[in-house]
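So the structure is just underneath, and the comments pick up after that.
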Amino acid sequence: MRLNKHTLIVQVLPNAPSNALLGWSGEKLKVRIQAPLEDRLMNPRLERFLAAYLEIPLPQVEVVDGFGKRTRTVEISGLSAERIARRLDKPELIAS
């Protein structure tokens, strides 16, 4: 079981009434986040939400691209691809 970094493409829906995982739209994980689209608030809230959802420490989740955009690239470390896929209800990861 390999525990290295895995990449997810996340489509954020900003200014949501609550944070929620909405599922998959093609290769993108759709997530509602209670924050405006700007990076100063969105990225930390998205990272916290995904860390809590995956039940991993916050430092293991990092937005690495897409700053200020609805589609962002997030790196997840310290989990196997199988556990991430199982937790996010996706048979395979988008990229490893």
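Letters for chains follow the order of the structure tokens (A, B, ...), residue numbers begin at 1 for each chain, and ligand numbers begin at 1 in the order shown.
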Margin query: Considering only alpha helix (DSSP H) as DSSP defines it on the backbone, what residues of chain A qualify? List them as number ranges by chain.
Written below: A: 39-54, 81-87
Next item on the list: Within 12 Å of A:Pro57, counting only C-alpha atoms, which residues show up once you throw out same-chain ones fewer than 3 positions away? Write them as a PyMOL selection string, please.
Entry: chain A and resi 47-54+60-62+76-79
Margin query: Just checking: using only C-alpha atoms, which residue out of A:Gln34, A:Asn19, A:Asn43, A:Thr7 ends up closest to A:Gly68?
Written below: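 Looking at the shortest contact to A:Gly68, the residue is A:Asn43.
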Next item on the list: If you run DSSP over the backbone, which residues in chain A end up strand (DSSP E or B)? Put them as an MDAnalysis selection string.
Entry: chainID A and resid 6:13 20:25 28:32 61:65 71:76 95
Notebook entry, point to check: If we count only C-alpha atoms, what is near A:Ser18 at a cut-off of 10 Å, once residues fewer than 4 positions away on the same chain are taken out, given as a list in words?
Noted result: Pro14, Arg32, Ile33, Gln34 and Ala35 of chain A
Write the selection just made, keeping all heavy atoms, as a PDB file, in the first residue's frame?
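Output contents, as saved in again-v7.pdb:
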```pdb
ATOM      1  N   PRO A  14     -18.827  28.366  -4.509  1.00  0.00           N
ATOM      2  CA  PRO A  14     -18.617  29.291  -3.391  1.00  0.00           C
ATOM      3  C   PRO A  14     -19.917  29.828  -2.809  1.00  0.00           C
ATOM      4  O   PRO A  14     -20.999  29.657  -3.380  1.00  0.00           O
ATOM      5  CB  PRO A  14     -17.811  30.414  -4.041  1.00  0.00           C
ATOM      6  CG  PRO A  14     -18.247  30.403  -5.464  1.00  0.00           C
ATOM      7  CD  PRO A  14     -18.516  28.968  -5.798  1.00  0.00           C
ATOM      8  N   ARG A  32     -19.328  22.121  -2.194  1.00  0.00           N
ATOM      9  CA  ARG A  32     -19.866  23.424  -1.782  1.00  0.00           C
ATOM     10  C   ARG A  32     -19.064  23.898  -0.583  1.00  0.00           C
ATOM     11  O   ARG A  32     -18.819  23.121   0.345  1.00  0.00           O
ATOM     12  CB  ARG A  32     -21.326  23.300  -1.342  1.00  0.00           C
ATOM     13  CG  ARG A  32     -22.303  23.185  -2.431  1.00  0.00           C
ATOM     14  CD  ARG A  32     -23.720  23.358  -1.951  1.00  0.00           C
ATOM     15  NE  ARG A  32     -23.952  22.784  -0.635  1.00  0.00           N
ATOM     16  CZ  ARG A  32     -25.095  22.256  -0.230  1.00  0.00           C
ATOM     17  NH1 ARG A  32     -26.123  22.222  -1.035  1.00  0.00           N
ATOM     18  NH2 ARG A  32     -25.230  21.766   0.970  1.00  0.00           N
ATOM     19  N   ILE A  33     -18.695  25.191  -0.595  1.00  0.00           N
ATOM     20  CA  ILE A  33     -17.909  25.752   0.505  1.00  0.00           C
ATOM     21  C   ILE A  33     -18.514  27.084   0.934  1.00  0.00           C
ATOM     22  O   ILE A  33     -18.870  27.913   0.109  1.00  0.00           O
ATOM     23  CB  ILE A  33     -16.428  25.960   0.089  1.00  0.00           C
ATOM     24  CG1 ILE A  33     -15.765  24.622  -0.246  1.00  0.00           C
ATOM     25  CG2 ILE A  33     -15.632  26.686   1.173  1.00  0.00           C
ATOM     26  CD1 ILE A  33     -15.584  23.683   0.928  1.00  0.00           C
ATOM     27  N   GLN A  34     -18.598  27.281   2.242  1.00  0.00           N
ATOM     28  CA  GLN A  34     -19.103  28.527   2.837  1.00  0.00           C
ATOM     29  C   GLN A  34     -18.024  29.591   2.811  1.00  0.00           C
ATOM     30  O   GLN A  34     -17.496  29.957   3.854  1.00  0.00           O
ATOM     31  CB  GLN A  34     -19.517  28.304   4.288  1.00  0.00           C
ATOM     32  CG  GLN A  34     -20.750  27.500   4.488  1.00  0.00           C
ATOM     33  CD  GLN A  34     -21.040  27.355   5.968  1.00  0.00           C
ATOM     34  OE1 GLN A  34     -20.248  26.793   6.703  1.00  0.00           O
ATOM     35  NE2 GLN A  34     -22.166  27.869   6.395  1.00  0.00           N
ATOM     36  N   ALA A  35     -17.695  30.086   1.635  1.00  0.00           N
ATOM     37  CA  ALA A  35     -16.678  31.130   1.503  1.00  0.00           C
ATOM     38  C   ALA A  35     -16.790  31.736   0.117  1.00  0.00           C
ATOM     39  O   ALA A  35     -17.194  31.054  -0.826  1.00  0.00           O
ATOM     40  CB  ALA A  35     -15.273  30.555   1.702  1.00  0.00           C
TER      41      ALA A  35
END
```
Next item on the list: Work out how far atom CA of A:Val74 is from atom CA of A:Ile9, in Å to one decimal.
Entry: 6.4 Å
Margin query: List as a PyMOL selection string the protein and nucleic acid residues near A:Ser25, meaning an atom at most 12 Å away when only C-alpha atoms are counted, but skip any in the same chain fewer than 6 places from it.
Written below: chain A and resi 9-12+31+71+90+94
Notebook entry, point to check: Between A:Leu46, A:Ile84, A:Leu41, A:Val63, which one has atoms that come closest to A:His6, using only C-alpha atoms?
Noted result: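 Of A:Leu46, A:Ile84, A:Leu41, A:Val63, the one nearest A:His6 is A:Ile84, counting only C-alpha atoms.
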Note to self: Measuring between only C-alpha atoms, which one of A:Met42, A:Glu75, A:Glu82, A:Arg70 shows the shortest distance to A:Lys5?
What the structure shows: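 Residue with the minimum atom-to-atom distance to A:Lys5: A:Glu75.
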